[in-house]
Amino acid sequence: MTSTPIRTTSDVKFSHALTGPYLPTPGQAQGWPFQEMGRWKIDADGAADTWVQGVTEWRREHLIRIGFDDALYRRPELSWSQANFVHVLAMVEDRYFYDAASGRYTVDRYLDDLETRLGRIDSVLVWYIYPNIGVDDRSQFDLVDALPGGIEGLKGVVADFHHRGVKVFLPTMPWDNGTREGAAADWDRMAAIVAVTGADGINGDTYSGVPLTFHTACEAAGGAVVLQPETTAQAGDHILGWNLQSWSKRVPDESIPTVLKLKWLEPRHIVNIENRWSRQRTNDLQHAFFNGVGYVAWENVFGFINRFTDRDAETLRRVALIQRAFAPLIVSRDWRPYERTLQAGIFASRFPGEQRTLWTLINRQEYAIGGEQLSLPHDPGARYYDIWAGIEIAPRIAGERAIVSAEIAARGFGAILAISEATSDVDLASLLSEMRGARPLAEYSSGWSSAKQVLVETPSCIRHADAPDDMIEIPAATFDFAVHGIEIEGYAADGVDVQYPWEDSPRRHHRHRLEIESFWIDRFPVTNAQFKRFVNATAYAPADGRNFLLHWQDGVPPFGWENKPVTWVGIEDARAYAAWAGKRLPREWEWQYAAQGLDGRLYPWGDGWNETAAPPASLDRTMPAPADVDAHPTGASPFGVMDLVGNVWQWTDEYHDEHIRAAVLRGGTAYLPQTSHWYFPQAYRLNEHGKYLLMAPAKDRSAGIGFRCAADR
């Protein structure tokens with residue numbers, strides 16, 4: 001008779017230099033092959049006890065190696081982070097967040113929509129920087145002042161969220177070193193913003209760990225904050241002591257779920273899983289439930305609307321409802337992942353506490369699994385509840401074991417609670433009632449579709465039979481309109497970029513054969529001198545005057561700027577000028593036809609870049625003054641239209657869906673901020689355009705955007 005060899009923890013290989021955001025799963029740690037084919041052969045359940053013993057010993061050693069200090073986790077004013085399960089990235093350009101028509105922040109409307117679908121929201125990241133940063137030289141800190149109401153407006157937003165019990169994070173990013181330089185360090189500037197606004201945390205975009213200096217600066221300015229970096233494979237675990245939260249990009253969709261390393265090292269560290277492009281989020285939500293962590297409920301992804309399916313929304317609501325109800329257990333030091341289960345494909349975690357223990361279960365199979373799921377140590381006075389089903393259950397007692405049964409749907413969820421003593425628990429009764437009355441998740445739609453956009457109609461203008469001053473006639477033609485968006489994010493997914501009237505959804509690449517009627521277009525962009533005549537004639541004063549003609553001095557253009565294109569005008573200001581002049585803004589395809597002619601050239605002057613046809617590119621941190629509109633005559637289009645590329649962006653069309661307004665910008669500027677590929681990209685080629693998110697004139701106006709007019713013939 002051959003005895004089975006005993007596997008010791010020394011056989012479990014865990015390096016103190018283990019990198020990446022996840023721990024190896026049972027099987028991987030013992031040298032078994034990590035391959036797609038044959039992965040189903042791994043007996044994760046059989047390896048679980050040895051695996052847990054190994055990672056527990058590794059954790060003890062690793063915390064010593066990184067000199068872990070849990071002092072901040074013990075701070076009462078920061079303990080809210082340990083129940084921060086639903087975290088939302090809130091784009092300030094979202095039409096539910098800010099109402100451009102009334103000029104008001106609408107936080108209640110924003111939260112009402114989310115809570116109706118997703119349930120309670122624990123925190124938001126108010127995002128006001130990317131993707132528009134880099135269209136001019138305003139830094140991430142300047143963009144706070146550009147918000148409607150400036151920093152005081154942001155303070156009001158924070159207060160509105162606090163009134164609804166929602167914590168607020170503000171963003172910072174280390175890569176912004178190509179825009180205008182500030183006089184203080186990033187952490188001191190963030191601390192000043194936090195002190196004024198009363199924000200609760202700082203989100204570190206692309207930070208593997210937000211430096212401790214941010215926490216120190218905020219404390220010195222009057223208040224402690226929760227730091228929340230983007231956890232990547234490069235994250236050093238030493239940051240765990242002062243980064244009380246983090247967010248991690250999508251987790252592997254493997255048959256065996258993974259354990260998040262930082263959560264294992266410090267169970268009070270809540271990781272928020274983020275998968276911005278996913279249209280089916282079951283895998284992410286199962287990992288959140290299994291690990292006892294949160295989720296980034298991100299639907300407005302820099303202007304791409306990736307709305308939760310009804311099923312995913314309801315799943316998140318139920319997962320977070322259970323996590324909040326048992327938050328003290330979820331952060332238990334004695335958390336045990338890979339609890340032994342009785343069914344193949346069912347994985348469980350145990351979260352123990354005083355007199356009660358919670359088990360969260362996930363079904364990784366594509367079919368429902370019912371019957372006996374867990375074999376638990378039995379206390380004769382204990383009561384058992386199927387939390388997911390909302391019922392008390394009577395287990396089968398086998399000696400000193402309680403065999404617990406539950407029905408778990410395909411790719412579904414389960415939760416078992418054991419209470420060692422009978423108690424009258426009003427909160428538990430309420431939770432059970434809510435879960436018991438819920439419809440099966442399978443009855444919710446898992447269908448997804450992109451948000452449909454509408455082209456904003458251009459106001460009609462008078463027809464001009466004769467050429468208006470300094471306008472050029474563009475003849476009627478059949479035009480092959482071919483263009484693509486140069487957004488950094490979104491790949492070629494359905495819903496990215498804009499949706500032309502002949503398309504059934506937004507997409508990055510566009511081609512359409514158009515019949516274009518004859519029209520007039522300005523030979524040059526509108527200049528400061530021309531705009532000054534408009535202001536004098538009409539006493540034009542926009543309702544939102546923040547940053548309007550910011551470069552003017554005492555109501556007039558700077559000396560020598562009269563013939564430069566006017567900037568610091570929003571699309572509303574440009575439309576007002578055009579209406580006064582008996583004109584309108586050009587449709588994008590009109591702009592492109594006037595610039596390109598009919599031969600599909602890449603630039604107004606031909607297919608190759610001509611350094612004499614546009615202003616020279618500037619790599620400085622402060623953007624250069626625009627060139628005079630007539631300074632580069634060799635840049636003329638086949639029709640003689642001038643200054644189309646490389647001086648200032650030019651307003652054309654506007655599109656909107658339920659959540660986003662965006663303008664199509666054409667032409668690009670001479671300003672090329674360095675140090676990062678995240679800055680608003682240039683679109684010099686005539687088959688490229690920029691999508692510029694719109695919020696309010698205060699924020700939309702820019703030193704890099706001007707306009708020219710068109711008119712009907």
# chains A, B, ... in the order shown; residues from 1 in each chain; ligands from 1
>>> residues_around(residues="stretch 306-323 of chain A", least_positions_apart="6", cutoff="6 Å", atoms="only C-alpha atoms", output="PDB file with N, CA, C and O atoms, in the first residue's frame")
ATOM      1  N   ARG A 117     -30.723  52.822 -10.647  1.00  0.00           N
ATOM      2  CA  ARG A 117     -30.282  51.648 -11.386  1.00  0.00           C
ATOM      3  C   ARG A 117     -29.274  50.798 -10.628  1.00  0.00           C
ATOM      4  O   ARG A 117     -29.333  49.567 -10.644  1.00  0.00           O
ATOM      5  N   LEU A 118     -28.316  51.441  -9.955  1.00  0.00           N
ATOM      6  CA  LEU A 118     -27.184  50.732  -9.359  1.00  0.00           C
ATOM      7  C   LEU A 118     -27.283  50.584  -7.854  1.00  0.00           C
ATOM      8  O   LEU A 118     -26.480  49.872  -7.249  1.00  0.00           O
ATOM      9  N   GLY A 119     -28.225  51.274  -7.238  1.00  0.00           N
ATOM     10  CA  GLY A 119     -28.278  51.278  -5.787  1.00  0.00           C
ATOM     11  C   GLY A 119     -27.403  52.381  -5.216  1.00  0.00           C
ATOM     12  O   GLY A 119     -26.974  53.295  -5.910  1.00  0.00           O
ATOM     13  N   GLU A 299     -19.551  54.552 -16.210  1.00  0.00           N
ATOM     14  CA  GLU A 299     -20.357  54.451 -17.421  1.00  0.00           C
ATOM     15  C   GLU A 299     -20.006  55.519 -18.451  1.00  0.00           C
ATOM     16  O   GLU A 299     -20.058  55.269 -19.646  1.00  0.00           O
ATOM     17  N   TYR A 444     -33.352  39.782 -15.815  1.00  0.00           N
ATOM     18  CA  TYR A 444     -32.926  41.116 -16.231  1.00  0.00           C
ATOM     19  C   TYR A 444     -32.185  41.021 -17.554  1.00  0.00           C
ATOM     20  O   TYR A 444     -31.440  40.069 -17.806  1.00  0.00           O
ATOM     21  N   SER A 445     -32.354  42.007 -18.384  1.00  0.00           N
ATOM     22  CA  SER A 445     -31.724  42.011 -19.701  1.00  0.00           C
ATOM     23  C   SER A 445     -30.213  42.196 -19.584  1.00  0.00           C
ATOM     24  O   SER A 445     -29.732  43.030 -18.808  1.00  0.00           O
ATOM     25  N   SER A 446     -29.495  41.413 -20.373  1.00  0.00           N
ATOM     26  CA  SER A 446     -28.040  41.591 -20.459  1.00  0.00           C
ATOM     27  C   SER A 446     -27.652  42.220 -21.791  1.00  0.00           C
ATOM     28  O   SER A 446     -26.488  42.217 -22.180  1.00  0.00           O
ATOM     29  N   TRP A 448     -26.789  45.073 -24.522  1.00  0.00           N
ATOM     30  CA  TRP A 448     -26.036  46.329 -24.489  1.00  0.00           C
ATOM     31  C   TRP A 448     -26.145  47.003 -25.845  1.00  0.00           C
ATOM     32  O   TRP A 448     -26.153  46.348 -26.890  1.00  0.00           O
TER      33      TRP A 448
END
>>> residues_around(residues="stretch 629-645 of chain A", least_positions_apart="4", cutoff="8 Å", atoms="only C-alpha atoms", output="mmCIF file with C-alpha atoms, in the first residue's frame")
data_model
loop_
_atom_site.group_PDB
_atom_site.id
_atom_site.type_symbol
_atom_site.label_atom_id
_atom_site.label_comp_id
_atom_site.auth_asym_id
_atom_site.auth_seq_id
_atom_site.Cartn_x
_atom_site.Cartn_y
_atom_site.Cartn_z
ATOM 1 C CA ILE A 472 -15.018 82.405 -50.880
ATOM 2 C CA ILE A 474 -17.279 76.733 -52.665
ATOM 3 C CA ILE A 521 -16.895 80.207 -46.308
ATOM 4 C CA ASP A 522 -14.650 82.785 -44.651
ATOM 5 C CA ARG A 523 -11.271 83.118 -46.313
ATOM 6 C CA PHE A 524 -9.702 83.484 -42.845
ATOM 7 C CA PRO A 525 -10.707 82.628 -39.281
ATOM 8 C CA THR A 527 -9.987 87.821 -36.012
ATOM 9 C CA ASN A 563 -5.251 90.266 -37.092
ATOM 10 C CA LYS A 564 -4.779 87.097 -35.086
ATOM 11 C CA PRO A 565 -7.672 84.633 -34.784
ATOM 12 C CA ALA A 594 -13.310 73.702 -48.483
ATOM 13 C CA ALA A 595 -9.907 72.606 -47.150
ATOM 14 C CA GLN A 596 -9.414 69.470 -49.243
ATOM 15 C CA GLY A 597 -11.133 69.893 -52.562
ATOM 16 C CA TYR A 603 -3.291 68.905 -46.135
ATOM 17 C CA PRO A 604 -4.829 71.988 -47.745
ATOM 18 C CA TRP A 605 -1.705 72.458 -49.881
ATOM 19 C CA THR A 612 6.102 77.289 -44.652
ATOM 20 C CA ALA A 613 2.354 76.631 -44.827
ATOM 21 C CA ALA A 614 1.612 76.746 -41.076
ATOM 22 C CA PRO A 615 3.124 78.173 -37.888
ATOM 23 C CA TRP A 649 -8.549 74.710 -33.716
ATOM 24 C CA ARG A 666 -10.769 70.865 -36.998
ATOM 25 C CA GLY A 667 -7.281 72.069 -37.879
ATOM 26 C CA GLY A 668 -5.132 71.752 -34.763
ATOM 27 C CA THR A 669 -2.763 74.274 -33.200
ATOM 28 C CA TYR A 684 -3.410 68.376 -38.757
#
>>> closest_atom_pairs(of="stretch 257-373 of chain A", to="stretch 391-398 of chain A", cutoff="12 Å", atoms="only C-alpha atoms", output="Markdown table")
| residue | atom | partner | partner_atom | distance |
| --- | --- | --- | --- | --- |
| A:Gly371 | CA | A:Pro395 | CA | 10.9 |
| A:Glu372 | CA | A:Pro395 | CA | 9.0 |
| A:Gln373 | CA | A:Pro395 | CA | 10.5 |
>>> write_last_selection(atoms="all heavy atoms", output="JSON list (two decimals), in the first residue's frame")
[["chain", "number", "residue", "atom", "x", "y", "z"],
["A", 371, "GLY", "N", -28.13, 22.31, -4.53],
["A", 371, "GLY", "CA", -27.80, 21.26, -3.57],
["A", 371, "GLY", "C", -26.77, 21.71, -2.54],
["A", 371, "GLY", "O", -26.59, 22.90, -2.28],
["A", 372, "GLU", "N", -26.08, 20.73, -1.98],
["A", 372, "GLU", "CA", -25.16, 20.99, -0.88],
["A", 372, "GLU", "C", -23.91, 21.71, -1.38],
["A", 372, "GLU", "O", -23.29, 21.28, -2.35],
["A", 372, "GLU", "CB", -24.81, 19.68, -0.19],
["A", 372, "GLU", "CG", -26.05, 19.03, 0.46],
["A", 372, "GLU", "CD", -25.74, 17.70, 1.12],
["A", 372, "GLU", "OE1", -24.67, 17.11, 0.82],
["A", 372, "GLU", "OE2", -26.56, 17.25, 1.96],
["A", 373, "GLN", "N", -23.56, 22.81, -0.69],
["A", 373, "GLN", "CA", -22.46, 23.66, -1.13],
["A", 373, "GLN", "C", -21.30, 23.71, -0.15],
["A", 373, "GLN", "O", -20.14, 23.71, -0.56],
["A", 373, "GLN", "CB", -22.98, 25.09, -1.37],
["A", 373, "GLN", "CG", -24.13, 25.21, -2.35],
["A", 373, "GLN", "CD", -23.74, 24.96, -3.79],
["A", 373, "GLN", "OE1", -22.57, 24.73, -4.10],
["A", 373, "GLN", "NE2", -24.71, 24.98, -4.69]]
>>> residues_around(residues="A:Asp176", least_positions_apart="4", cutoff="10 Å", atoms="only C-alpha atoms", output="compact mmCIF listing (two decimals) with all heavy atoms, in the first residue's frame")
# COMPACT_ATOMS: atom_id res chain seq x y z
N ILE A 133 -7.49 68.16 -21.57
CA ILE A 133 -6.25 68.82 -21.19
C ILE A 133 -5.23 68.72 -22.34
O ILE A 133 -5.07 67.68 -22.97
CB ILE A 133 -5.66 68.22 -19.90
CG1 ILE A 133 -4.46 69.05 -19.42
CG2 ILE A 133 -5.32 66.76 -20.07
CD1 ILE A 133 -3.95 68.66 -18.04
N GLY A 134 -4.57 69.82 -22.61
CA GLY A 134 -3.59 69.88 -23.69
C GLY A 134 -4.10 70.58 -24.92
O GLY A 134 -3.32 70.85 -25.84
N SER A 139 -3.02 73.84 -17.00
CA SER A 139 -2.61 72.63 -16.30
C SER A 139 -3.80 72.00 -15.61
O SER A 139 -4.91 72.55 -15.58
CB SER A 139 -1.54 72.96 -15.26
OG SER A 139 -2.13 73.63 -14.14
N GLN A 140 -3.56 70.84 -15.00
CA GLN A 140 -4.61 70.16 -14.25
C GLN A 140 -5.16 71.04 -13.13
O GLN A 140 -6.34 70.95 -12.78
CB GLN A 140 -4.08 68.85 -13.67
CG GLN A 140 -2.86 69.01 -12.75
CD GLN A 140 -2.37 67.67 -12.23
OE1 GLN A 140 -3.11 66.91 -11.61
NE2 GLN A 140 -1.10 67.35 -12.52
N PHE A 141 -4.33 71.91 -12.58
CA PHE A 141 -4.78 72.79 -11.50
C PHE A 141 -5.53 74.00 -12.04
O PHE A 141 -6.49 74.47 -11.44
CB PHE A 141 -3.58 73.21 -10.65
CG PHE A 141 -2.81 72.04 -10.11
CD1 PHE A 141 -1.61 71.65 -10.68
CD2 PHE A 141 -3.31 71.30 -9.05
CE1 PHE A 141 -0.92 70.55 -10.20
CE2 PHE A 141 -2.62 70.20 -8.56
CZ PHE A 141 -1.43 69.83 -9.13
N THR A 172 -5.44 63.72 -9.41
CA THR A 172 -4.14 64.32 -9.71
C THR A 172 -3.37 63.34 -10.58
O THR A 172 -3.61 62.14 -10.54
CB THR A 172 -3.35 64.64 -8.42
OG1 THR A 172 -2.18 65.39 -8.76
CG2 THR A 172 -2.91 63.37 -7.70
N ARG A 180 1.33 74.60 -18.46
CA ARG A 180 1.88 75.73 -17.73
C ARG A 180 2.38 75.30 -16.35
O ARG A 180 1.68 74.63 -15.59
CB ARG A 180 0.80 76.80 -17.60
CG ARG A 180 1.29 78.14 -17.11
CD ARG A 180 0.29 79.21 -17.45
NE ARG A 180 -1.07 78.86 -17.05
CZ ARG A 180 -2.16 79.25 -17.69
NH1 ARG A 180 -2.06 79.97 -18.78
NH2 ARG A 180 -3.36 78.91 -17.26
N GLU A 181 3.58 75.71 -16.02
CA GLU A 181 4.21 75.32 -14.77
C GLU A 181 3.68 76.13 -13.61
O GLU A 181 3.42 77.33 -13.74
CB GLU A 181 5.73 75.48 -14.88
CG GLU A 181 6.51 74.86 -13.75
CD GLU A 181 8.00 74.85 -14.02
OE1 GLU A 181 8.42 75.43 -15.05
OE2 GLU A 181 8.74 74.25 -13.22
N ASP A 186 3.02 69.53 -6.70
CA ASP A 186 1.68 69.00 -6.93
C ASP A 186 0.95 68.71 -5.62
O ASP A 186 -0.25 68.99 -5.50
CB ASP A 186 1.76 67.70 -7.75
CG ASP A 186 2.00 67.96 -9.23
OD1 ASP A 186 2.35 69.10 -9.58
OD2 ASP A 186 1.83 67.02 -10.02
N PRO A 673 2.21 70.08 -26.36
CA PRO A 673 2.73 69.83 -25.01
C PRO A 673 3.45 68.48 -24.95
O PRO A 673 2.98 67.49 -25.51
CB PRO A 673 1.48 69.84 -24.13
CG PRO A 673 0.35 69.55 -25.06
CD PRO A 673 0.74 70.13 -26.38
N GLN A 674 4.57 68.45 -24.28
CA GLN A 674 5.41 67.26 -24.21
C GLN A 674 5.20 66.53 -22.88
O GLN A 674 4.41 66.93 -22.05
CB GLN A 674 6.87 67.67 -24.38
CG GLN A 674 7.15 68.36 -25.71
CD GLN A 674 6.83 67.48 -26.90
OE1 GLN A 674 7.50 66.47 -27.14
NE2 GLN A 674 5.80 67.84 -27.65
N THR A 675 5.93 65.47 -22.71
CA THR A 675 6.05 64.62 -21.50
C THR A 675 4.99 63.54 -21.41
O THR A 675 5.11 62.65 -20.57
CB THR A 675 6.04 65.42 -20.16
OG1 THR A 675 4.69 65.84 -19.86
CG2 THR A 675 6.97 66.61 -20.22
N SER A 676 3.94 63.59 -22.22
CA SER A 676 2.91 62.56 -22.09
C SER A 676 2.14 62.39 -23.39
O SER A 676 1.91 63.36 -24.13
CB SER A 676 1.93 62.92 -20.97
OG SER A 676 0.89 61.95 -20.89
N TRP A 678 -0.96 61.54 -23.21
CA TRP A 678 -2.35 61.69 -22.79
C TRP A 678 -2.93 63.05 -23.17
O TRP A 678 -4.14 63.26 -23.01
CB TRP A 678 -2.48 61.48 -21.28
CG TRP A 678 -2.07 60.11 -20.83
CD1 TRP A 678 -0.96 59.77 -20.12
CD2 TRP A 678 -2.76 58.88 -21.08
NE1 TRP A 678 -0.91 58.42 -19.90
CE2 TRP A 678 -2.01 57.84 -20.47
CE3 TRP A 678 -3.94 58.55 -21.75
CZ2 TRP A 678 -2.41 56.51 -20.52
CZ3 TRP A 678 -4.34 57.21 -21.79
CH2 TRP A 678 -3.57 56.23 -21.18
N TYR A 679 -2.11 63.98 -23.62
CA TYR A 679 -2.64 65.30 -23.97
C TYR A 679 -3.52 65.23 -25.21
O TYR A 679 -3.35 64.35 -26.07
CB TYR A 679 -1.49 66.28 -24.19
CG TYR A 679 -0.76 66.67 -22.93
CD1 TYR A 679 0.61 66.45 -22.79
CD2 TYR A 679 -1.44 67.27 -21.86
CE1 TYR A 679 1.29 66.81 -21.63
CE2 TYR A 679 -0.77 67.62 -20.70
CZ TYR A 679 0.59 67.38 -20.59
OH TYR A 679 1.25 67.73 -19.45
>>> residues_around(residues="stretch 248-261 of chain A", least_positions_apart="2", cutoff="7 Å", atoms="only C-alpha atoms", output="list in words")
Pro21, Tyr22, Leu23, Thr25, Glu230, Thr231, Thr232, Ser246, Lys263, Trp264, Leu265, Val271, Asn272, Ile273, Glu274, Asn275, Asn283, Asp284, His287, Asn291 and Arg364 of chain A
>>> residues_around(residues="A:Arg336", least_positions_apart="6", cutoff="12 Å", atoms="only C-alpha atoms", output="PDB file with C-alpha atoms, in the first residue's frame")
ATOM      1  CA  ALA A  48      -6.658  25.244  -1.122  1.00  0.00           C
ATOM      2  CA  ASP A  49      -5.606  24.445   2.458  1.00  0.00           C
ATOM      3  CA  TRP A  51      -2.227  27.329  -0.588  1.00  0.00           C
ATOM      4  CA  VAL A  52      -3.774  29.354   2.246  1.00  0.00           C
ATOM      5  CA  GLN A  53      -1.127  28.191   4.685  1.00  0.00           C
ATOM      6  CA  VAL A  55       0.231  32.653   1.438  1.00  0.00           C
ATOM      7  CA  THR A  56      -0.393  33.303   5.135  1.00  0.00           C
ATOM      8  CA  VAL A 259      -6.993  36.915  -5.094  1.00  0.00           C
ATOM      9  CA  LYS A 263      -6.396  43.093  -0.147  1.00  0.00           C
ATOM     10  CA  TRP A 264      -4.730  39.903   1.068  1.00  0.00           C
ATOM     11  CA  PRO A 267      -7.887  43.127   4.388  1.00  0.00           C
ATOM     12  CA  PHE A 290     -15.095  36.742  -3.746  1.00  0.00           C
ATOM     13  CA  ASN A 291     -12.350  39.130  -2.570  1.00  0.00           C
ATOM     14  CA  GLY A 292     -14.548  41.402  -0.481  1.00  0.00           C
ATOM     15  CA  LEU A 329     -16.705  41.010   8.411  1.00  0.00           C
ATOM     16  CA  ILE A 330     -15.518  41.849   4.893  1.00  0.00           C
ATOM     17  CA  PHE A 347     -15.617  29.071  -5.066  1.00  0.00           C
ATOM     18  CA  ALA A 348     -16.118  30.593  -1.642  1.00  0.00           C
ATOM     19  CA  SER A 349     -14.516  33.025   0.766  1.00  0.00           C
ATOM     20  CA  ARG A 350     -15.055  33.012   4.537  1.00  0.00           C
ATOM     21  CA  PHE A 351     -15.265  36.313   6.409  1.00  0.00           C
ATOM     22  CA  PRO A 352     -15.435  35.563  10.165  1.00  0.00           C
ATOM     23  CA  GLY A 353     -16.305  37.845  13.064  1.00  0.00           C
ATOM     24  CA  THR A 357     -19.477  34.396   9.833  1.00  0.00           C
ATOM     25  CA  LEU A 358     -20.244  35.226   6.211  1.00  0.00           C
ATOM     26  CA  TRP A 359     -19.410  33.041   3.238  1.00  0.00           C
ATOM     27  CA  THR A 360     -19.588  34.551  -0.242  1.00  0.00           C
TER      28      THR A 360
END
>>> residues_around(residues="A:Ala382", least_positions_apart="4", cutoff="6 Å", atoms="only C-alpha atoms", output="JSON, numbers by chain")
{"A": [419, 420, 421]}
>>> select_by_dssp(residues="stretch 548-657 of chain A", states="strand (DSSP E or B)", output="mmCIF file with N, CA and C atoms, in the first residue's frame")
data_model
loop_
_atom_site.group_PDB
_atom_site.id
_atom_site.type_symbol
_atom_site.label_atom_id
_atom_site.label_comp_id
_atom_site.auth_asym_id
_atom_site.auth_seq_id
_atom_site.Cartn_x
_atom_site.Cartn_y
_atom_site.Cartn_z
ATOM 1 N N GLN A 553 -7.388 92.788 -22.919
ATOM 2 C CA GLN A 553 -6.986 93.659 -21.814
ATOM 3 C C GLN A 553 -7.873 94.901 -21.805
ATOM 4 N N VAL A 556 -10.264 95.123 -24.821
ATOM 5 C CA VAL A 556 -9.752 95.226 -26.196
ATOM 6 C C VAL A 556 -8.653 94.188 -26.388
ATOM 7 N N PRO A 565 -6.343 85.214 -34.997
ATOM 8 C CA PRO A 565 -7.672 84.633 -34.784
ATOM 9 C C PRO A 565 -8.137 84.830 -33.351
ATOM 10 N N ARG A 584 -23.284 81.486 -40.304
ATOM 11 C CA ARG A 584 -23.417 80.343 -39.402
ATOM 12 C C ARG A 584 -22.065 79.648 -39.312
ATOM 13 N N TYR A 603 -3.413 67.547 -46.661
ATOM 14 C CA TYR A 603 -3.291 68.905 -46.135
ATOM 15 C C TYR A 603 -3.872 69.862 -47.165
ATOM 16 N N GLY A 606 -1.536 70.007 -50.147
ATOM 17 C CA GLY A 606 -1.083 68.805 -50.824
ATOM 18 C C GLY A 606 -0.951 67.637 -49.868
ATOM 19 N N SER A 618 5.371 74.338 -31.460
ATOM 20 C CA SER A 618 6.010 74.798 -30.224
ATOM 21 C C SER A 618 5.959 73.684 -29.191
ATOM 22 N N TRP A 649 -7.414 75.580 -33.442
ATOM 23 C CA TRP A 649 -8.549 74.710 -33.716
ATOM 24 C C TRP A 649 -9.749 75.574 -34.109
ATOM 25 N N GLN A 650 -10.692 74.983 -34.830
ATOM 26 C CA GLN A 650 -11.869 75.738 -35.273
ATOM 27 C C GLN A 650 -13.146 74.957 -34.974
ATOM 28 N N TRP A 651 -14.106 75.666 -34.361
ATOM 29 C CA TRP A 651 -15.403 75.066 -34.041
ATOM 30 C C TRP A 651 -16.139 74.674 -35.330
ATOM 31 N N THR A 652 -16.759 73.489 -35.333
ATOM 32 C CA THR A 652 -17.682 73.133 -36.416
ATOM 33 C C THR A 652 -18.981 72.611 -35.789
ATOM 34 N N ASP A 653 -19.206 71.311 -35.827
ATOM 35 C CA ASP A 653 -20.487 70.750 -35.398
ATOM 36 C C ASP A 653 -20.484 70.353 -33.931
ATOM 37 N N GLU A 654 -21.694 70.195 -33.394
ATOM 38 C CA GLU A 654 -21.897 69.701 -32.039
ATOM 39 C C GLU A 654 -22.823 68.495 -32.093
ATOM 40 N N TYR A 655 -22.493 67.486 -31.280
ATOM 41 C CA TYR A 655 -23.308 66.280 -31.152
ATOM 42 C C TYR A 655 -23.659 66.081 -29.679
ATOM 43 N N HIS A 656 -24.782 65.440 -29.433
ATOM 44 C CA HIS A 656 -25.095 65.111 -28.047
ATOM 45 C C HIS A 656 -25.875 63.814 -27.980
#
>>> atom_distance(atom1="atom CA of A:Glu115", atom2="atom CA of A:Trp127")
19.2 Å
>>> closest_residue(among="A:Leu428, A:Ala438, A:Ile369, A:Leu111", to="A:Ala409", atoms="only C-alpha atoms")
A:Ile369
>>> closest_residue(among="A:Ala663, A:Cys461, A:Ala224, A:Leu361", to="A:Asp386", atoms="only C-alpha atoms")
A:Leu361
>>> closest_residue(among="A:Arg59, A:Arg713, A:Arg513, A:Arg189", to="A:Ala217", atoms="only C-alpha atoms")
A:Arg189
>>> atom_distance(atom1="atom CA of A:Trp561", atom2="atom CA of A:Phe531")
11.8 Å
>>> select_by_dssp(residues="stretch 24-126 of chain A", states="helix (DSSP H, G or I)", output="count of residues only")
48
>>> closest_residue(among="A:Leu665, A:Ala83, A:Ala670, A:Ala288", to="A:Ala327", atoms="only C-alpha atoms")
A:Ala83
